[in-house]
Amino acid sequence: MTSTAVSDPPDERVGPPRPLDRLVLRPEIGALLGALLVFAFFSVATERFLSTGGVATWLDDASTLGIMAVAVALLMIGGEFDLSAGVMTASTALVTAILATRLGWNVWLALLASLAFALAVGALNGWLVTRTGLPSFIVTLGTFLALQGLNLGITRLVTGTVQVSGMRSADGYSSAGFLFASTFTLGGTAFYVSILWWVLCTAVAAVVLLRTRFGNWIFAVGGSPLSSRAVGVPVTRTKVLLFMTTAGAAWLVGSINILRFTSVQANQGIGLEFQFIIAAVIGGCLLTGGFGSAVGAAIGALIFGMARQGIVYANWNSDWFQLFLGVMLLAAVLVNNALRRRAERVRR
Amino acid sequence: MNRPDGGRALLEVRGIGKTYGSVIALRDVTTAVHAGEVTCVLGDNGAGKSTLIKILAGVHRHDSGELLVDGSPVSFSSPREALDRGIATVYQDLAVVPLMSVWRNFFLGSEPTTRLGFLDRRRARDVTRTALAEMGIDLRDVEQPVGTLSGGERQCVAIARAVHFGARVLILDEPTAALGVKQAGVVLKHVARARDRGLGVVLITHNPHHAYPVGDRFLLLKRGRALGAHEKSEIGLEELTRQMAGGAELEALAHELRGVDR
Ligand SMILES: Nc1ncnc2c1ncn2[C@@H]1O[C@H](COP(=O)(O)OP(=O)(O)OP(=O)(O)O)[C@@H](O)[C@H]1O
Ligand SMILES: [Mg+2]
């Protein structure tokens, strides 16, 4: 209403370009600095960290975590959490293992069935969250508990124990194993193929997020679901697809695990969901949604892997890892908060 | 509606009503939007203006009455459906995502893609810059988050977006509320231009000096009810201002009009 005169020539508002400002706004910057710091520290503090064998080990440690962290990051940017993502890695492995070893299915067929199972659970999560409007934190806590119970209950029913093993003798094990759990040699050292999956997932997620319509919608539904709907973004579909993506990633990790270790414990995966979230947050994702990066989450997972293995190489007690994690997380949240305020400084 | 040319309305509501729980926000309102005409909706705060346009825009579903597009009754289940029929809206709360860049907001929901299916970022940026320049806003950088813009600049982004995507009907909910004199003038020019291009326009404003020059018909709302509907030929600026000013006169008029209705 009030006719506050807006200055006529806009030129006076044009400041000199500030490339540093642009850089600071990138969500993965904090994680990148952290990764360099951790890398430098353990490179100096331990011998084995920089050996090719050492690198292969911490990259492998980071890889399966990274696959999940990237998917969880997309979901968090879309404004939701998935607490069932950790157990889901065990559930999918159990489905594959039980079908292949107890029912004699071909491994490929079993993998397809567990993928379908994962996507269905993901869709259910998404449907419940979007339908009820309840916080995903509480809805997926429910699926988390339910899956945990199913994992133990069904495994005990089928095998009488709490683990399923014997994958190696199943039909199609070697070809599936080649795709998900083989190693490749680089400079005389064997690297697990899961590292390639991690890189692939990160690249795909980054491209989808920044270069596609769907990526635009992810940011939008996390930043403001009502505004998104008002301008024609399919909010429900976007969120359901994101939940299905984390479930699909959990299937990939579950498949990598079951084919590599050929057995799976029914209580596996519990507690991992927080590691995924922590890696995503270290990578620059806001807990409130609408902001974050896939590459950042991958770097967050890398920090995890480097620190976890670095502490082993340094012969420290692994208790220190928890302390390190806590400090990293707090630092990341503080940095993110400051970044967000810059990005958001809404003038009135 | 007694239209002189008898033409079919692009958009029409008949006895439309909407309740939010126990709040009756809109009751028995009838009006029409014709091609090449501007329908102004006027009324106090809380009169139900935004509720009316949200029904037209597909944000809310009406509870009673009829919504007609091109003469056939519809019930939009989402704003997407309204947009697909060429109805674009500037919402009072602007419907922007503060953390996203200006160009991403501009094209949100209708992103241009390249042949390979990726975002056509160059085109999106160029179109955004041009559309905003036409609005009289020269942005430093269409890459900056919308949250960093001033209130008026944000409003211009929302208006430029609707003008760009509104193929048949343009709905503006208090588009000039935060604008400076110049930008408000530009917005009104855009409204007039859209009208001349044959679009139907719905304009909500509290300022009769903005409404009167561009409006063809005026719908006055009060407490969710239609207080009166006037063709421009039936009412002068002074009378319109007097009616909008409300107070005792408005009350008296309300009685009078209700008497006329019955
Ligand atoms: N989502 C909602 N839930 C409950 N009540 C609502 C909602 N939206 C609007 N209302 C109520 O409906 C009534 C009409 O609101 P509306 O926003 O349509 O008014 P308005 O004419 O646009 O007012 P203003 O000029 O202040 O923008 C108000 O009493 C308001 O409190
Ligand atoms: Mg309003």
# chains A, B, ... in the order shown; residues from 1 in each chain; ligands from 1
$ interface_residues --of "chain B" --to "chain A" --cutoff "7 Å" --atoms "only C-alpha atoms" --output "PyMOL selection string"
chain B and resi 59+79-80+95-99+108-109+111+118-119+138+140+145+147-151+176-181
$ residues_around --residues "Ser43 of chain A" --least-positions-apart "3" --cutoff "12 Å" --atoms "only C-alpha atoms" --output "VMD selection string"
chain A and resid 35 to 40 46 to 51 54 to 55 306 to 307 309 to 311 313 to 314
$ residues_near_ligand --ligand "ligand 1" --cutoff "10 Å" --atoms "only C-alpha atoms and all ligand atoms" --output "MDAnalysis selection string"
chainID B and resid 18:26 41:54 60 91:93 173:174 204:206 221:224
$ residues_around --residues "Leu75 of chain A" --least-positions-apart "2" --cutoff "10 Å" --atoms "only C-alpha atoms" --output "compact mmCIF listing (two decimals) with C-alpha atoms, in the first residue's frame"
# COMPACT_ATOMS: atom_id res chain seq x y z
CA ALA A 69 24.23 -40.62 2.81
CA VAL A 70 23.68 -39.31 -0.71
CA ALA A 71 20.16 -40.76 -0.90
CA VAL A 72 19.37 -39.54 2.60
CA ALA A 73 20.68 -36.10 1.63
CA ILE A 77 16.75 -31.56 1.06
CA GLY A 78 13.20 -32.61 0.24
CA GLY A 79 12.35 -31.87 3.87
CA GLU A 80 12.01 -35.40 5.28
CA PHE A 81 13.88 -37.99 7.34
CA ASP A 82 14.02 -41.74 7.00
CA ILE A 218 13.33 -31.59 -4.41
CA PHE A 219 14.67 -28.22 -3.27
CA GLY A 222 11.84 -29.08 1.17
CA THR A 238 8.23 -35.89 -5.32
CA LYS A 239 8.31 -36.90 -1.68
CA VAL A 240 7.17 -40.47 -2.31
CA LEU A 241 9.87 -40.86 -4.97
CA LEU A 242 12.47 -39.58 -2.50
CA PHE A 243 11.45 -42.15 0.11
CA MET A 244 11.64 -44.80 -2.59
CA THR A 245 15.12 -43.56 -3.48
CA THR A 246 16.46 -44.05 0.05
CA ALA A 280 24.40 -35.62 5.17
CA CYS A 285 22.16 -30.44 4.46
CA GLY A 289 15.10 -29.02 4.41
CA GLY A 290 15.43 -27.05 1.20
$ select_by_dssp --residues "segment 39-200 of chain B" --states "strand (DSSP E or B)" --output "JSON, numbers by chain"
{"B": [39, 40, 41, 42, 43, 64, 65, 66, 67, 68, 69, 72, 73, 74, 87, 88, 89, 90, 101, 113, 119, 145, 169, 170, 171, 172, 173, 200]}
$ write_last_selection --atoms "C-alpha atoms" --output "PDB file, in the first residue's frame"
ATOM      1  CA  THR B  39     -12.534  -8.071 -12.617  1.00  0.00           C
ATOM      2  CA  CYS B  40     -11.532  -6.283  -9.431  1.00  0.00           C
ATOM      3  CA  VAL B  41     -12.264  -7.869  -6.078  1.00  0.00           C
ATOM      4  CA  LEU B  42     -12.401  -5.386  -3.234  1.00  0.00           C
ATOM      5  CA  GLY B  43     -13.087  -5.662   0.452  1.00  0.00           C
ATOM      6  CA  SER B  64     -20.656 -25.225  -2.271  1.00  0.00           C
ATOM      7  CA  GLY B  65     -21.695 -23.588  -5.490  1.00  0.00           C
ATOM      8  CA  GLU B  66     -20.106 -24.058  -8.874  1.00  0.00           C
ATOM      9  CA  LEU B  67     -16.822 -23.160 -10.506  1.00  0.00           C
ATOM     10  CA  LEU B  68     -16.996 -23.074 -14.281  1.00  0.00           C
ATOM     11  CA  VAL B  69     -14.149 -22.894 -16.763  1.00  0.00           C
ATOM     12  CA  SER B  72     -18.253 -26.348 -17.854  1.00  0.00           C
ATOM     13  CA  PRO B  73     -18.139 -27.080 -14.119  1.00  0.00           C
ATOM     14  CA  VAL B  74     -14.780 -28.113 -12.680  1.00  0.00           C
ATOM     15  CA  ILE B  87      -4.794 -19.828 -15.144  1.00  0.00           C
ATOM     16  CA  ALA B  88      -1.784 -18.280 -13.400  1.00  0.00           C
ATOM     17  CA  THR B  89      -1.853 -16.642 -10.000  1.00  0.00           C
ATOM     18  CA  VAL B  90       0.157 -14.217  -7.915  1.00  0.00           C
ATOM     19  CA  SER B 101      17.535 -18.781  -6.682  1.00  0.00           C
ATOM     20  CA  THR B 113      14.270 -28.620 -20.514  1.00  0.00           C
ATOM     21  CA  LEU B 119      17.145 -28.144 -17.214  1.00  0.00           C
ATOM     22  CA  PRO B 145      18.281 -16.698  -3.415  1.00  0.00           C
ATOM     23  CA  VAL B 169      -6.425 -15.926 -16.982  1.00  0.00           C
ATOM     24  CA  LEU B 170      -4.202 -13.875 -14.712  1.00  0.00           C
ATOM     25  CA  ILE B 171      -5.076 -13.647 -11.036  1.00  0.00           C
ATOM     26  CA  LEU B 172      -3.325 -11.116  -8.828  1.00  0.00           C
ATOM     27  CA  ASP B 173      -3.824 -10.999  -5.074  1.00  0.00           C
ATOM     28  CA  GLY B 200      -9.154 -12.388 -18.301  1.00  0.00           C
TER      29      GLY B 200
END
$ atom_distance --atom1 "atom CA of Asp28 of chain B" --atom2 "atom CA of Leu219 of chain B"
12.8 Å
$ closest_residue --among "B:Pro175, B:Glu239, B:Arg161, B:His210" --to "ligand 2" --atoms "only C-alpha atoms and all ligand atoms"
B:Pro175
$ atom_distance --atom1 "atom CA of Gly66 of chain A" --atom2 "atom CA of Leu99 of chain A"
27.2 Å
$ residues_around --residues "segment 188-194 of chain B" --least-positions-apart "2" --cutoff "10 Å" --atoms "only C-alpha atoms" --output "ChimeraX atom specification"
/B:35-38,134-135,159-160,163,166-172,175-176,182-186,196-203,210-211,213-215
$ atom_distance --atom1 "atom CA of Arg258 of chain B" --atom2 "atom CA of Glu12 of chain B"
21.9 Å
$ select_by_dssp --residues "segment 118-329 of chain A" --states "alpha helix (DSSP H)" --output "PyMOL selection string"
chain A and resi 118-132+136-159+173-181+194-211+213-223+225-230+235-261+272-282+294-313+319-329
$ closest_residue --among "A:Leu325, A:Val333, A:Ala100, A:Ile195" --to "Thr288 of chain A" --atoms "only C-alpha atoms"
A:Val333
